[in-house]
Amino acid sequence: MKPLTTEEIRAVIARGKLKDTLFKALGILCLAFGLLVIVALILDMAIKGADRFTLDFFLNFASRRATQAGILSAWVGSLLVMFVTALAAVPLGVAAGVYLEEYAPRNWMTQVIEINIANLAAVPSIVYGLLALGIFVYQFGFGQSILSAGLTLALLILPIIIVATREAIRAIPAMIREGSMAVGATRWQTCRYHIIPYAMPGILTGVIIGLARAIGETAPIITIGALTFIAFLPPAPLTALPDGGTAGLFDWVMAPFTVMPIQIFNWTSRPDPAFEINAAAAGFVLMAMVLAMNALAIWLRYRMRKNIKW
Amino acid sequence: MPNTTQERLKAEARGLNFFYNGGIQALKNINMPIYDNRVTALIGPSGCGKSTYLRSFNRMHDLYPGNRYEGEIRFYPDDTNLLAPEVDPIEVRMRVGMVFQKPNPFPKSIYENVAYGLRVRGERNRRMLDDKVEHALRGAALWDEVKDRLQDLASNLSGGQQQRLCIARALATDPELLLFDEPTSALDPIATGAIEELVHELKKRVTILIVTHNMQQAARVSDYTAYMFLGEMIEFGKTDEIFIKPKDRRTEDYITGRMG
């Protein structure tokens, strides 16, 4: 075969580069499509709901008149439910993940458990709602409360946190674990001083992704019986109750509640088109809450990872 | 000819076999003495089992399931069998320190890296910790370079400094035997020189067992050398004898570069 001349080499390169450019353009197009859809959605809600972005909207309870209806009970409910969810799911999920990675023997039992955690993540959320209705609401007698909702959503995001914990632990090099064990540390000391702190950025990311999913969940919350129309807040700790007593520290967890997605769902199903404005505005607020949580996750991860180098 | 009978035994492998998970035999009937306050080098081609052998001394293989030892490593003066199932591997690791191939400081401060072994032992006294950290860092010839920045992250140190930090971490708890697993293979010649000098200095305080790929290094730092091949101990002796007139053809082939 004769060696290629300079012209021929250039022609070959030009052909190759053409494909390069084509694929690049295609990639940008796909990316732009995804981004445009979400930007359009957010803008659409912002424009439709523009009339409702007043302080009153955030401080008013639900009302029969669209212009006076607000999201106070919904956003407070969402925040409280998320709080309970995080409090229940994080310790359980992290401990389970640490156990599976650091302690569990590698045998068929562990494999079965691992496969089922993956399955658990795929269970439709309504099924969790049914389970929670039977167990939390009736069996344990928690009723249609913030506690029931928080625990239900905690079950829902548990697999996400377990998987995130395990991924984060697997990213820690074996030589760190060996370095700790080599000075005579126990497994727990190694977990306590090294594995868990170094896995924290990854765990936190998982937690927030989980919470961002939970905050938008509607089906299981409806199943356990959240109210759709509620004109009071859960009792804040140590404040006076309408009946004259004082609220205990944890009375709020047993209070009835509503959450953002239910409020939105409720408004969209009203015949009066004025409520669509409320729904759009509330949708925008919910979206903002999710984005804020993701931003927080990114910032925390960045802060914590800065000091962790192998 | 130097007389080995005057040496004190620190440890002795007796009929040591080792099987990795899955049954592959990595060590075959190893018998070898480790003398007190001496540097013993393990040389041999890649995959000959020298790291596997080294990691038996602090029961590192126990961290992974399915590994199995046979035989004994007697440890003196108390004549404990380090490999006995009833001996807690954590107890073994508290007596036998280790420095790894690649520097593996924890992503914490310099101070916390050195203090870690003491904290694991429940030491809370701040002054005691300060003293021991300083002593260990001096022992590892690192004190002068880091004394003004003990709270800095260990990852900001150079590779050679990181490795000396890992030596300080191992020294802080006063081990009786210190294992080095190719401690300079990730370092430049100058950092390597510093570590070698340190090993020479350290043998006054602690018995040293060192795996090395570098035969000049074995010749420079060790008093005794063992040549391993395919999981067997081919030859053990005083370093000058091994390098000047090895008894076994295979040892000679290896150190003259005809093999491996």
# chains A, B, ... in the order shown; residues from 1 in each chain; ligands from 1
>>> interface_residues(of="chain A", to="chain B", cutoff="9 Å", atoms="only C-alpha atoms", output="list in words")
Pro105, Arg106, Met175, Ile176, Glu178, Gly179, Ser180, Met181, Ala182, Val183, Gly184, Ala185, Thr186, Gln189, His194, Tyr198, Asn307, Ile308, Lys309 and Trp310 of chain A
>>> residues_around(residues="range 219-232 of chain B", least_positions_apart="4", cutoff="8 Å", atoms="only C-alpha atoms", output="PyMOL selection string")
chain B and resi 25-30+38-45+47-50+196-197+199-200+215+236-240+242-243+251
>>> write_last_selection(atoms="N, CA and C atoms", output="PDB file, in the first residue's frame")
ATOM      1  N   GLN B  25      -3.231 -21.374  46.791  1.00  0.00           N
ATOM      2  CA  GLN B  25      -2.215 -21.358  47.840  1.00  0.00           C
ATOM      3  C   GLN B  25      -1.139 -20.345  47.484  1.00  0.00           C
ATOM      4  N   ALA B  26      -1.031 -19.298  48.294  1.00  0.00           N
ATOM      5  CA  ALA B  26      -0.090 -18.221  47.997  1.00  0.00           C
ATOM      6  C   ALA B  26       1.221 -18.374  48.768  1.00  0.00           C
ATOM      7  N   LEU B  27       1.198 -19.085  49.887  1.00  0.00           N
ATOM      8  CA  LEU B  27       2.422 -19.312  50.655  1.00  0.00           C
ATOM      9  C   LEU B  27       2.554 -20.805  50.918  1.00  0.00           C
ATOM     10  N   LYS B  28       3.780 -21.302  50.715  1.00  0.00           N
ATOM     11  CA  LYS B  28       3.981 -22.742  50.856  1.00  0.00           C
ATOM     12  C   LYS B  28       5.069 -23.019  51.873  1.00  0.00           C
ATOM     13  N   ASN B  29       4.638 -23.505  53.019  1.00  0.00           N
ATOM     14  CA  ASN B  29       5.554 -23.987  54.049  1.00  0.00           C
ATOM     15  C   ASN B  29       6.722 -23.034  54.315  1.00  0.00           C
ATOM     16  N   ILE B  30       6.395 -21.828  54.752  1.00  0.00           N
ATOM     17  CA  ILE B  30       7.434 -20.833  55.023  1.00  0.00           C
ATOM     18  C   ILE B  30       7.970 -21.028  56.442  1.00  0.00           C
ATOM     19  N   ARG B  38      16.351  -5.752  64.042  1.00  0.00           N
ATOM     20  CA  ARG B  38      17.029  -5.904  62.765  1.00  0.00           C
ATOM     21  C   ARG B  38      16.042  -5.583  61.657  1.00  0.00           C
ATOM     22  N   VAL B  39      16.606  -5.238  60.491  1.00  0.00           N
ATOM     23  CA  VAL B  39      15.768  -5.034  59.316  1.00  0.00           C
ATOM     24  C   VAL B  39      15.867  -6.280  58.455  1.00  0.00           C
ATOM     25  N   THR B  40      14.721  -6.885  58.189  1.00  0.00           N
ATOM     26  CA  THR B  40      14.691  -8.061  57.327  1.00  0.00           C
ATOM     27  C   THR B  40      13.966  -7.686  56.045  1.00  0.00           C
ATOM     28  N   ALA B  41      14.622  -7.927  54.904  1.00  0.00           N
ATOM     29  CA  ALA B  41      14.009  -7.573  53.620  1.00  0.00           C
ATOM     30  C   ALA B  41      13.457  -8.813  52.953  1.00  0.00           C
ATOM     31  N   LEU B  42      12.293  -8.665  52.310  1.00  0.00           N
ATOM     32  CA  LEU B  42      11.716  -9.740  51.508  1.00  0.00           C
ATOM     33  C   LEU B  42      11.827  -9.327  50.051  1.00  0.00           C
ATOM     34  N   ILE B  43      12.548 -10.118  49.265  1.00  0.00           N
ATOM     35  CA  ILE B  43      12.657  -9.800  47.840  1.00  0.00           C
ATOM     36  C   ILE B  43      12.123 -10.971  47.029  1.00  0.00           C
ATOM     37  N   GLY B  44      11.866 -10.689  45.759  1.00  0.00           N
ATOM     38  CA  GLY B  44      11.352 -11.721  44.869  1.00  0.00           C
ATOM     39  C   GLY B  44      10.515 -11.088  43.781  1.00  0.00           C
ATOM     40  N   PRO B  45      10.299 -11.804  42.689  1.00  0.00           N
ATOM     41  CA  PRO B  45       9.534 -11.233  41.574  1.00  0.00           C
ATOM     42  C   PRO B  45       8.074 -10.994  41.961  1.00  0.00           C
ATOM     43  N   GLY B  47       4.258 -11.230  42.458  1.00  0.00           N
ATOM     44  CA  GLY B  47       3.384 -12.394  42.592  1.00  0.00           C
ATOM     45  C   GLY B  47       4.028 -13.563  43.320  1.00  0.00           C
ATOM     46  N   CYS B  48       5.188 -13.340  43.950  1.00  0.00           N
ATOM     47  CA  CYS B  48       5.869 -14.460  44.610  1.00  0.00           C
ATOM     48  C   CYS B  48       5.337 -14.678  46.017  1.00  0.00           C
ATOM     49  N   GLY B  49       4.474 -13.787  46.502  1.00  0.00           N
ATOM     50  CA  GLY B  49       3.875 -13.997  47.815  1.00  0.00           C
ATOM     51  C   GLY B  49       4.497 -13.174  48.922  1.00  0.00           C
ATOM     52  N   LYS B  50       5.416 -12.239  48.586  1.00  0.00           N
ATOM     53  CA  LYS B  50       6.074 -11.515  49.685  1.00  0.00           C
ATOM     54  C   LYS B  50       5.111 -10.570  50.397  1.00  0.00           C
ATOM     55  N   GLU B 196      14.657   5.439  53.368  1.00  0.00           N
ATOM     56  CA  GLU B 196      15.669   4.410  53.648  1.00  0.00           C
ATOM     57  C   GLU B 196      16.513   4.783  54.864  1.00  0.00           C
ATOM     58  N   GLU B 197      16.885   6.047  54.923  1.00  0.00           N
ATOM     59  CA  GLU B 197      17.665   6.514  56.055  1.00  0.00           C
ATOM     60  C   GLU B 197      16.884   6.314  57.355  1.00  0.00           C
ATOM     61  N   VAL B 199      14.452   4.126  57.910  1.00  0.00           N
ATOM     62  CA  VAL B 199      14.370   2.703  58.257  1.00  0.00           C
ATOM     63  C   VAL B 199      15.620   2.310  59.034  1.00  0.00           C
ATOM     64  N   HIS B 200      16.766   2.786  58.570  1.00  0.00           N
ATOM     65  CA  HIS B 200      18.036   2.504  59.216  1.00  0.00           C
ATOM     66  C   HIS B 200      18.039   3.012  60.661  1.00  0.00           C
ATOM     67  N   MET B 215      16.317  -4.207  44.565  1.00  0.00           N
ATOM     68  CA  MET B 215      17.356  -5.002  45.231  1.00  0.00           C
ATOM     69  C   MET B 215      18.446  -4.148  45.860  1.00  0.00           C
ATOM     70  N   PHE B 236      17.191 -17.713  52.867  1.00  0.00           N
ATOM     71  CA  PHE B 236      17.199 -16.674  53.886  1.00  0.00           C
ATOM     72  C   PHE B 236      18.598 -16.592  54.466  1.00  0.00           C
ATOM     73  N   GLY B 237      19.091 -15.386  54.669  1.00  0.00           N
ATOM     74  CA  GLY B 237      20.416 -15.274  55.263  1.00  0.00           C
ATOM     75  C   GLY B 237      20.780 -13.834  55.498  1.00  0.00           C
ATOM     76  N   LYS B 238      22.004 -13.651  55.971  1.00  0.00           N
ATOM     77  CA  LYS B 238      22.513 -12.291  56.144  1.00  0.00           C
ATOM     78  C   LYS B 238      22.539 -11.619  54.773  1.00  0.00           C
ATOM     79  N   THR B 239      22.211 -10.337  54.748  1.00  0.00           N
ATOM     80  CA  THR B 239      22.077  -9.651  53.478  1.00  0.00           C
ATOM     81  C   THR B 239      23.370  -9.720  52.653  1.00  0.00           C
ATOM     82  N   ASP B 240      24.532  -9.520  53.276  1.00  0.00           N
ATOM     83  CA  ASP B 240      25.782  -9.538  52.485  1.00  0.00           C
ATOM     84  C   ASP B 240      25.993 -10.910  51.867  1.00  0.00           C
ATOM     85  N   ILE B 242      23.665 -13.161  51.084  1.00  0.00           N
ATOM     86  CA  ILE B 242      22.698 -13.393  50.001  1.00  0.00           C
ATOM     87  C   ILE B 242      23.152 -12.676  48.737  1.00  0.00           C
ATOM     88  N   PHE B 243      23.660 -11.458  48.910  1.00  0.00           N
ATOM     89  CA  PHE B 243      23.978 -10.686  47.715  1.00  0.00           C
ATOM     90  C   PHE B 243      25.360 -11.023  47.152  1.00  0.00           C
ATOM     91  N   THR B 251      18.190 -17.787  43.507  1.00  0.00           N
ATOM     92  CA  THR B 251      18.464 -16.504  44.139  1.00  0.00           C
ATOM     93  C   THR B 251      19.493 -15.740  43.308  1.00  0.00           C
TER      94      THR B 251
END
>>> residues_around(residues="Ala288 in chain A", least_positions_apart="4", cutoff="12 Å", atoms="only C-alpha atoms", output="list in words")
Ile42, Leu43, Met45, Ala46, Trp75, Ala212, Ile215, Gly216, Met260, Ala281, Ala282, Gly283, Phe284, Ala292, Met293, Asn294 and Ala295 of chain A
>>> atom_distance(atom1="CA of Pro85 in chain B", atom2="CA of Glu12 in chain B")
17.4 Å
>>> residues_around(residues="range 165-168 of chain A", least_positions_apart="2", cutoff="6 Å", atoms="only C-alpha atoms", output="number ranges by chain")
A: 94, 97, 161-163, 170-171, 199, 202-203
>>> residues_around(residues="Ile160 in chain A", least_positions_apart="5", cutoff="12 Å", atoms="only C-alpha atoms", output="PyMOL selection string")
chain A and resi 89-90+92-94+96-97+117-123+153-155+165-167+202-214
>>> write_last_selection(atoms="N, CA and C atoms", output="short mmCIF file (atom, residue, chain, number, x, y, z; two decimals), in the first residue's frame")
data_model
loop_
_atom_site.label_atom_id
_atom_site.label_comp_id
_atom_site.auth_asym_id
_atom_site.auth_seq_id
_atom_site.Cartn_x
_atom_site.Cartn_y
_atom_site.Cartn_z
N ALA A 89 -35.83 8.33 58.04
CA ALA A 89 -35.18 7.59 56.96
C ALA A 89 -33.66 7.66 57.02
N VAL A 90 -33.10 8.79 57.48
CA VAL A 90 -31.64 8.93 57.41
C VAL A 90 -30.92 7.95 58.35
N LEU A 92 -31.99 5.15 59.67
CA LEU A 92 -32.27 3.78 59.23
C LEU A 92 -31.49 3.44 57.97
N GLY A 93 -31.57 4.34 56.99
CA GLY A 93 -30.94 4.07 55.70
C GLY A 93 -29.43 4.02 55.80
N VAL A 94 -28.85 4.95 56.55
CA VAL A 94 -27.39 5.00 56.66
C VAL A 94 -26.90 3.77 57.43
N ALA A 96 -28.35 0.88 57.70
CA ALA A 96 -28.51 -0.32 56.86
C ALA A 96 -27.42 -0.38 55.80
N GLY A 97 -27.13 0.77 55.17
CA GLY A 97 -26.10 0.80 54.14
C GLY A 97 -24.73 0.47 54.69
N ILE A 117 -33.70 -4.79 48.09
CA ILE A 117 -33.62 -3.35 48.28
C ILE A 117 -33.83 -2.66 46.93
N ALA A 118 -33.23 -3.24 45.89
CA ALA A 118 -33.44 -2.70 44.54
C ALA A 118 -34.92 -2.79 44.17
N ASN A 119 -35.55 -3.94 44.51
CA ASN A 119 -36.97 -4.09 44.23
C ASN A 119 -37.80 -3.06 44.98
N LEU A 120 -37.43 -2.83 46.22
CA LEU A 120 -38.15 -1.90 47.08
C LEU A 120 -38.20 -0.51 46.43
N ALA A 121 -37.08 -0.13 45.78
CA ALA A 121 -37.02 1.18 45.15
C ALA A 121 -38.00 1.27 43.99
N ALA A 122 -38.40 0.10 43.45
CA ALA A 122 -39.27 0.11 42.27
C ALA A 122 -40.74 -0.07 42.64
N VAL A 123 -41.05 -0.25 43.92
CA VAL A 123 -42.45 -0.43 44.32
C VAL A 123 -43.21 0.88 44.08
N LEU A 153 -43.48 8.25 53.78
CA LEU A 153 -42.51 8.75 52.80
C LEU A 153 -41.10 8.27 53.17
N ALA A 154 -40.86 8.07 54.46
CA ALA A 154 -39.55 7.55 54.88
C ALA A 154 -39.34 6.16 54.28
N LEU A 155 -40.39 5.32 54.34
CA LEU A 155 -40.28 3.98 53.72
C LEU A 155 -39.98 4.11 52.24
N THR A 165 -25.88 5.48 50.27
CA THR A 165 -24.88 5.22 51.31
C THR A 165 -23.88 4.18 50.83
N ARG A 166 -24.39 3.11 50.22
CA ARG A 166 -23.49 2.04 49.77
C ARG A 166 -22.58 2.54 48.67
N GLU A 167 -23.13 3.30 47.72
CA GLU A 167 -22.30 3.83 46.64
C GLU A 167 -21.20 4.71 47.21
N GLY A 202 -21.74 11.96 49.80
CA GLY A 202 -22.57 11.10 48.95
C GLY A 202 -23.89 10.76 49.61
N ILE A 203 -23.84 10.50 50.91
CA ILE A 203 -25.07 10.16 51.64
C ILE A 203 -26.04 11.34 51.59
N LEU A 204 -25.50 12.54 51.85
CA LEU A 204 -26.35 13.73 51.85
C LEU A 204 -27.00 13.95 50.50
N THR A 205 -26.24 13.72 49.44
CA THR A 205 -26.82 13.86 48.11
C THR A 205 -28.00 12.91 47.96
N GLY A 206 -27.81 11.68 48.40
CA GLY A 206 -28.90 10.70 48.32
C GLY A 206 -30.10 11.12 49.14
N VAL A 207 -29.83 11.64 50.34
CA VAL A 207 -30.91 12.07 51.22
C VAL A 207 -31.74 13.16 50.54
N ILE A 208 -31.05 14.11 49.95
CA ILE A 208 -31.79 15.23 49.37
C ILE A 208 -32.52 14.82 48.10
N ILE A 209 -31.89 13.96 47.30
CA ILE A 209 -32.61 13.43 46.14
C ILE A 209 -33.86 12.71 46.61
N GLY A 210 -33.73 11.93 47.67
CA GLY A 210 -34.88 11.22 48.22
C GLY A 210 -35.95 12.18 48.70
N LEU A 211 -35.53 13.20 49.45
CA LEU A 211 -36.51 14.16 49.98
C LEU A 211 -37.18 14.93 48.84
N ALA A 212 -36.39 15.25 47.81
CA ALA A 212 -36.96 15.98 46.68
C ALA A 212 -38.03 15.13 46.00
N ARG A 213 -37.82 13.81 46.01
CA ARG A 213 -38.84 12.94 45.44
C ARG A 213 -40.06 12.90 46.38
N ALA A 214 -39.78 12.79 47.68
CA ALA A 214 -40.86 12.63 48.65
C ALA A 214 -41.76 13.86 48.69
#
>>> closest_residue(among="B:Asp36, B:Asp253, B:Asp152, B:Asp144", to="Pro77 in chain B", atoms="only C-alpha atoms")
B:Asp36
>>> residues_around(residues="Thr228 in chain A", least_positions_apart="2", cutoff="12 Å", atoms="only C-alpha atoms", output="PyMOL selection string")
chain A and resi 61-63+71+73-74+77+218+221-222+225-226+230-231+256-267+269-270
>>> decode(residues="range 74-104 of chain A", atoms="N, CA and C atoms", output="mmCIF file, in the first residue's frame")
data_model
loop_
_atom_site.group_PDB
_atom_site.id
_atom_site.type_symbol
_atom_site.label_atom_id
_atom_site.label_comp_id
_atom_site.auth_asym_id
_atom_site.auth_seq_id
_atom_site.Cartn_x
_atom_site.Cartn_y
_atom_site.Cartn_z
ATOM 1 N N ALA A 74 -50.339 24.168 53.470
ATOM 2 C CA ALA A 74 -49.673 23.210 52.578
ATOM 3 C C ALA A 74 -48.153 23.267 52.718
ATOM 4 N N TRP A 75 -47.582 24.462 52.687
ATOM 5 C CA TRP A 75 -46.101 24.475 52.755
ATOM 6 C C TRP A 75 -45.593 24.148 54.145
ATOM 7 N N VAL A 76 -46.356 24.573 55.170
ATOM 8 C CA VAL A 76 -45.956 24.174 56.522
ATOM 9 C C VAL A 76 -46.060 22.648 56.658
ATOM 10 N N GLY A 77 -47.171 22.094 56.134
ATOM 11 C CA GLY A 77 -47.350 20.643 56.183
ATOM 12 C C GLY A 77 -46.232 19.919 55.465
ATOM 13 N N SER A 78 -45.892 20.396 54.268
ATOM 14 C CA SER A 78 -44.822 19.752 53.502
ATOM 15 C C SER A 78 -43.512 19.761 54.282
ATOM 16 N N LEU A 79 -43.168 20.915 54.850
ATOM 17 C CA LEU A 79 -41.903 21.015 55.593
ATOM 18 C C LEU A 79 -41.892 20.080 56.797
ATOM 19 N N LEU A 80 -43.018 20.044 57.536
ATOM 20 C CA LEU A 80 -43.053 19.189 58.726
ATOM 21 C C LEU A 80 -42.975 17.711 58.351
ATOM 22 N N VAL A 81 -43.693 17.351 57.289
ATOM 23 C CA VAL A 81 -43.653 15.952 56.857
ATOM 24 C C VAL A 81 -42.230 15.582 56.421
ATOM 25 N N MET A 82 -41.580 16.483 55.683
ATOM 26 C CA MET A 82 -40.196 16.222 55.250
ATOM 27 C C MET A 82 -39.274 16.044 56.447
ATOM 28 N N PHE A 83 -39.520 16.841 57.468
ATOM 29 C CA PHE A 83 -38.695 16.764 58.676
ATOM 30 C C PHE A 83 -38.804 15.369 59.314
ATOM 31 N N VAL A 84 -40.053 14.912 59.456
ATOM 32 C CA VAL A 84 -40.262 13.586 60.036
ATOM 33 C C VAL A 84 -39.653 12.513 59.127
ATOM 34 N N THR A 85 -39.856 12.681 57.828
ATOM 35 C CA THR A 85 -39.312 11.712 56.864
ATOM 36 C C THR A 85 -37.797 11.591 57.016
ATOM 37 N N ALA A 86 -37.130 12.754 57.028
ATOM 38 C CA ALA A 86 -35.669 12.743 57.123
ATOM 39 C C ALA A 86 -35.227 12.125 58.442
ATOM 40 N N LEU A 87 -35.894 12.507 59.507
ATOM 41 C CA LEU A 87 -35.519 12.009 60.838
ATOM 42 C C LEU A 87 -35.634 10.484 60.916
ATOM 43 N N ALA A 88 -36.629 9.941 60.211
ATOM 44 C CA ALA A 88 -36.815 8.487 60.265
ATOM 45 C C ALA A 88 -35.920 7.782 59.249
ATOM 46 N N ALA A 89 -35.829 8.331 58.045
ATOM 47 C CA ALA A 89 -35.184 7.589 56.960
ATOM 48 C C ALA A 89 -33.663 7.662 57.019
ATOM 49 N N VAL A 90 -33.100 8.787 57.476
ATOM 50 C CA VAL A 90 -31.642 8.930 57.413
ATOM 51 C C VAL A 90 -30.920 7.947 58.347
ATOM 52 N N PRO A 91 -31.259 7.903 59.626
ATOM 53 C CA PRO A 91 -30.540 6.936 60.473
ATOM 54 C C PRO A 91 -30.750 5.488 60.028
ATOM 55 N N LEU A 92 -31.993 5.155 59.671
ATOM 56 C CA LEU A 92 -32.274 3.782 59.232
ATOM 57 C C LEU A 92 -31.493 3.439 57.968
ATOM 58 N N GLY A 93 -31.570 4.343 56.992
ATOM 59 C CA GLY A 93 -30.942 4.070 55.699
ATOM 60 C C GLY A 93 -29.429 4.019 55.797
ATOM 61 N N VAL A 94 -28.851 4.953 56.547
ATOM 62 C CA VAL A 94 -27.389 4.995 56.664
ATOM 63 C C VAL A 94 -26.898 3.766 57.425
ATOM 64 N N ALA A 95 -27.574 3.433 58.515
ATOM 65 C CA ALA A 95 -27.147 2.272 59.289
ATOM 66 C C ALA A 95 -27.254 1.005 58.452
ATOM 67 N N ALA A 96 -28.349 0.880 57.697
ATOM 68 C CA ALA A 96 -28.514 -0.320 56.861
ATOM 69 C C ALA A 96 -27.423 -0.376 55.796
ATOM 70 N N GLY A 97 -27.135 0.768 55.173
ATOM 71 C CA GLY A 97 -26.105 0.805 54.141
ATOM 72 C C GLY A 97 -24.731 0.475 54.694
ATOM 73 N N VAL A 98 -24.410 1.039 55.851
ATOM 74 C CA VAL A 98 -23.106 0.767 56.468
ATOM 75 C C VAL A 98 -23.009 -0.708 56.829
ATOM 76 N N TYR A 99 -24.093 -1.248 57.375
ATOM 77 C CA TYR A 99 -24.061 -2.673 57.723
ATOM 78 C C TYR A 99 -23.795 -3.521 56.488
ATOM 79 N N LEU A 100 -24.534 -3.242 55.414
ATOM 80 C CA LEU A 100 -24.402 -4.071 54.211
ATOM 81 C C LEU A 100 -22.994 -3.997 53.630
ATOM 82 N N GLU A 101 -22.385 -2.803 53.668
ATOM 83 C CA GLU A 101 -21.056 -2.668 53.066
ATOM 84 C C GLU A 101 -19.937 -3.143 53.982
ATOM 85 N N GLU A 102 -20.062 -2.859 55.271
ATOM 86 C CA GLU A 102 -18.912 -3.058 56.155
ATOM 87 C C GLU A 102 -18.994 -4.320 57.008
ATOM 88 N N TYR A 103 -20.190 -4.791 57.285
ATOM 89 C CA TYR A 103 -20.318 -5.904 58.219
ATOM 90 C C TYR A 103 -20.863 -7.179 57.587
ATOM 91 N N ALA A 104 -21.847 -7.038 56.694
ATOM 92 C CA ALA A 104 -22.585 -8.211 56.230
ATOM 93 C C ALA A 104 -21.652 -9.220 55.574
#
